[in-house]
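Containing TSV, C-alpha atoms and all ligand atoms: start_24.tsv.
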chain	number	residue	atom	x	y	z
A	218	MET	CA	182.37	288.71	116.22
A	219	LEU	CA	179.65	287.21	118.37
A	220	ALA	CA	180.46	285.55	121.67
A	221	GLN	CA	179.53	281.91	121.95
A	222	VAL	CA	176.47	281.32	124.06
A	223	GLU	CA	176.14	278.10	125.98
A	224	LYS	CA	172.60	276.80	126.12
A	225	ILE	CA	171.51	275.80	129.60
A	226	SER	CA	168.32	273.86	130.15
A	227	VAL	CA	166.14	275.12	132.95
A	228	GLU	CA	163.49	272.97	134.55
A	229	ARG	CA	160.73	275.36	135.57
A	230	LYS	CA	157.51	274.47	137.33
A	231	VAL	CA	154.85	276.11	139.45
A	232	VAL	CA	154.02	274.36	142.70
A	233	ARG	CA	150.87	275.00	144.68
A	234	ALA	CA	151.33	275.41	148.42
A	235	ALA	CA	149.60	276.68	151.52
A	236	CYS	CA	151.09	279.30	153.79
A	237	PRO	CA	152.79	277.51	156.71
A	238	HIS	CA	152.05	280.25	159.23
A	239	ASP	CA	149.55	279.65	162.00
A	240	CYS	CA	147.04	282.13	160.62
A	241	PRO	CA	143.32	281.70	159.97
A	242	ASP	CA	143.54	282.96	156.38
A	243	THR	CA	145.51	279.89	155.24
A	244	CYS	CA	146.41	281.61	151.98
A	245	ALA	CA	147.04	279.50	148.91
A	246	MET	CA	150.37	280.14	147.23
A	247	LYS	CA	151.97	279.50	143.88
A	248	ILE	CA	155.72	278.95	144.00
A	249	THR	CA	157.75	279.10	140.80
A	250	VAL	CA	160.70	276.73	141.03
A	251	GLU	CA	163.64	276.67	138.64
A	252	ASN	CA	166.09	273.78	138.88
A	253	GLY	CA	164.94	273.08	142.43
A	254	ILE	CA	165.24	276.69	143.62
A	255	ALA	CA	162.19	278.80	144.42
A	256	VAL	CA	162.39	281.98	142.34
A	257	LYS	CA	158.93	283.50	142.79
A	258	VAL	CA	156.24	283.43	145.46
A	259	GLU	CA	152.77	284.73	144.76
A	260	GLY	CA	149.26	284.31	146.04
A	261	ALA	CA	146.94	281.97	144.17
A	262	LYS	CA	144.33	284.11	142.42
A	263	ASP	CA	141.77	281.29	142.60
A	264	HIS	CA	141.86	281.24	146.39
A	265	PRO	CA	138.27	282.18	147.34
A	266	PHE	CA	139.17	284.12	150.47
A	267	THR	CA	142.27	286.16	149.64
A	268	ALA	CA	142.16	286.08	145.81
A	269	GLY	CA	145.90	286.16	145.16
A	270	THR	CA	147.03	288.39	148.00
A	271	LEU	CA	149.74	287.40	150.46
A	272	CYS	CA	150.54	289.48	153.51
A	273	THR	CA	153.89	291.25	153.69
A	274	LYS	CA	155.40	288.53	155.90
A	275	VAL	CA	154.96	285.87	153.28
A	276	ALA	CA	155.06	287.88	150.04
A	277	ARG	CA	158.78	288.43	150.73
A	278	TYR	CA	159.52	284.82	151.67
A	279	LEU	CA	162.30	284.43	149.13
A	280	GLU	CA	164.31	287.28	150.64
A	281	ARG	CA	164.06	285.65	154.05
A	282	THR	CA	164.65	282.11	152.86
A	283	TYR	CA	167.77	282.96	150.88
A	284	SER	CA	169.09	285.70	153.18
A	285	LYS	CA	172.77	285.44	154.07
A	286	ASP	CA	171.72	286.29	157.64
A	287	ARG	CA	169.33	283.35	157.98
A	288	VAL	CA	170.15	281.05	160.89
A	289	LEU	CA	170.64	277.55	159.48
A	290	PHE	CA	172.09	275.71	162.46
A	291	PRO	CA	171.37	275.61	166.19
A	292	GLN	CA	173.40	277.99	168.27
A	293	LYS	CA	173.66	278.75	171.93
A	294	ARG	CA	174.71	281.76	173.89
A	295	VAL	CA	178.08	281.29	175.55
A	296	GLY	CA	178.74	284.78	176.89
A	297	ALA	CA	176.81	287.12	179.08
A	298	LYS	CA	173.28	287.88	177.92
A	299	GLY	CA	173.18	290.72	175.42
A	300	ARG	CA	176.82	290.45	174.30
A	301	GLY	CA	175.98	288.43	171.20
A	302	GLU	CA	178.48	285.68	171.96
A	303	ILE	CA	177.19	282.46	170.51
A	304	GLU	CA	178.57	279.21	169.20
A	305	ARG	CA	177.23	276.60	166.83
A	306	ILE	CA	176.03	273.39	168.47
A	307	SER	CA	174.82	270.07	167.08
A	308	TRP	CA	171.15	269.28	166.53
A	309	ASP	CA	171.42	266.55	169.20
A	310	GLU	CA	172.74	269.08	171.75
A	311	ALA	CA	170.02	271.53	170.82
A	312	LEU	CA	167.27	268.93	171.22
A	313	ASP	CA	168.72	267.65	174.50
A	314	THR	CA	168.93	271.21	175.82
A	315	ILE	CA	165.35	271.99	174.87
A	316	ALA	CA	164.00	268.67	176.18
B	401	LIG	S1	150.12	284.71	153.79
B	401	LIG	FE1	149.92	286.00	155.61
B	401	LIG	S2	147.70	286.36	155.77
B	401	LIG	FE2	147.99	284.57	154.43
B	401	LIG	S3	147.89	282.75	155.77
B	401	LIG	FE3	150.04	283.35	155.57
B	401	LIG	S4	150.43	284.67	157.34
B	401	LIG	FE4	148.21	284.56	157.06
Translate the structure described by the file into structure tokens.
Ligand code: SF4
Amino acid sequence: MLAQVEKISVERKVVRAACPHDCPDTCAMKITVENGIAVKVEGAKDHPFTAGTLCTKVARYLERTYSKDRVLFPQKRVGAKGRGEIERISWDEALDTIA
């Protein structure tokens, strides 16, 4: 007996982008996006300068972007320096502190 398979529609598109790093190469990128989630990052082969190559920082962007260790909210140190004691703060507090 075969298991029933539910069909799921996937919206897939390739978006052109430029590397956001402050680097003179300004590599062109192609990002494959499925249902609003980036699933593949590659260099654009038609870029005249780098011809489809991305450096190691950016070629692994998805791992960094979706890492469970990525910092998503402002935090501040509350303990002695080097002890790793931090607490989450609001964006307003972070901006006021920086300003
Ligand atoms: S992908 Fe790497 S080499 Fe290319 S512009 Fe970005 S940082 Fe520079």
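Those protein and nucleic acid residues that have any atom within 6 Å of ligand LIG 401 (chain B) are, using only C-alpha atoms and all ligand atoms, Cys236, His238, Cys240, Asp242, Thr243, Cys244, Leu271, Cys272 and Val275 of chain A.
The closest residue to Ser307 in chain A, picked from A:Val295, A:Glu251, A:Phe290, A:Phe266 and counting only C-alpha atoms, is A:Phe290.
When CA of Arg233 in chain A is paired with CA of Ala261 in chain A, their separation reads 8.0 Å.
In this comparison, which uses all atoms listed in the file, the residue of A:Lys257, A:Ala245, A:Arg294, A:Arg287 approaching Lys230 in chain A most closely is A:Lys257.
Among A:Val232, A:Leu219, A:Ile306, A:Ile225, the residue with the shortest atom-to-atom distance to Val256 in chain A, counting all atoms listed in the file, is A:Val232.
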| request: Find the distance between CA of Ile254 in chain A and CA of Glu280 in chain A and write it in Å to one decimal. | output: 12.7 Å
| In Å to one decimal, how far is CA of Met246 in chain A from CA of Val288 in chain A? | 24.1 Å
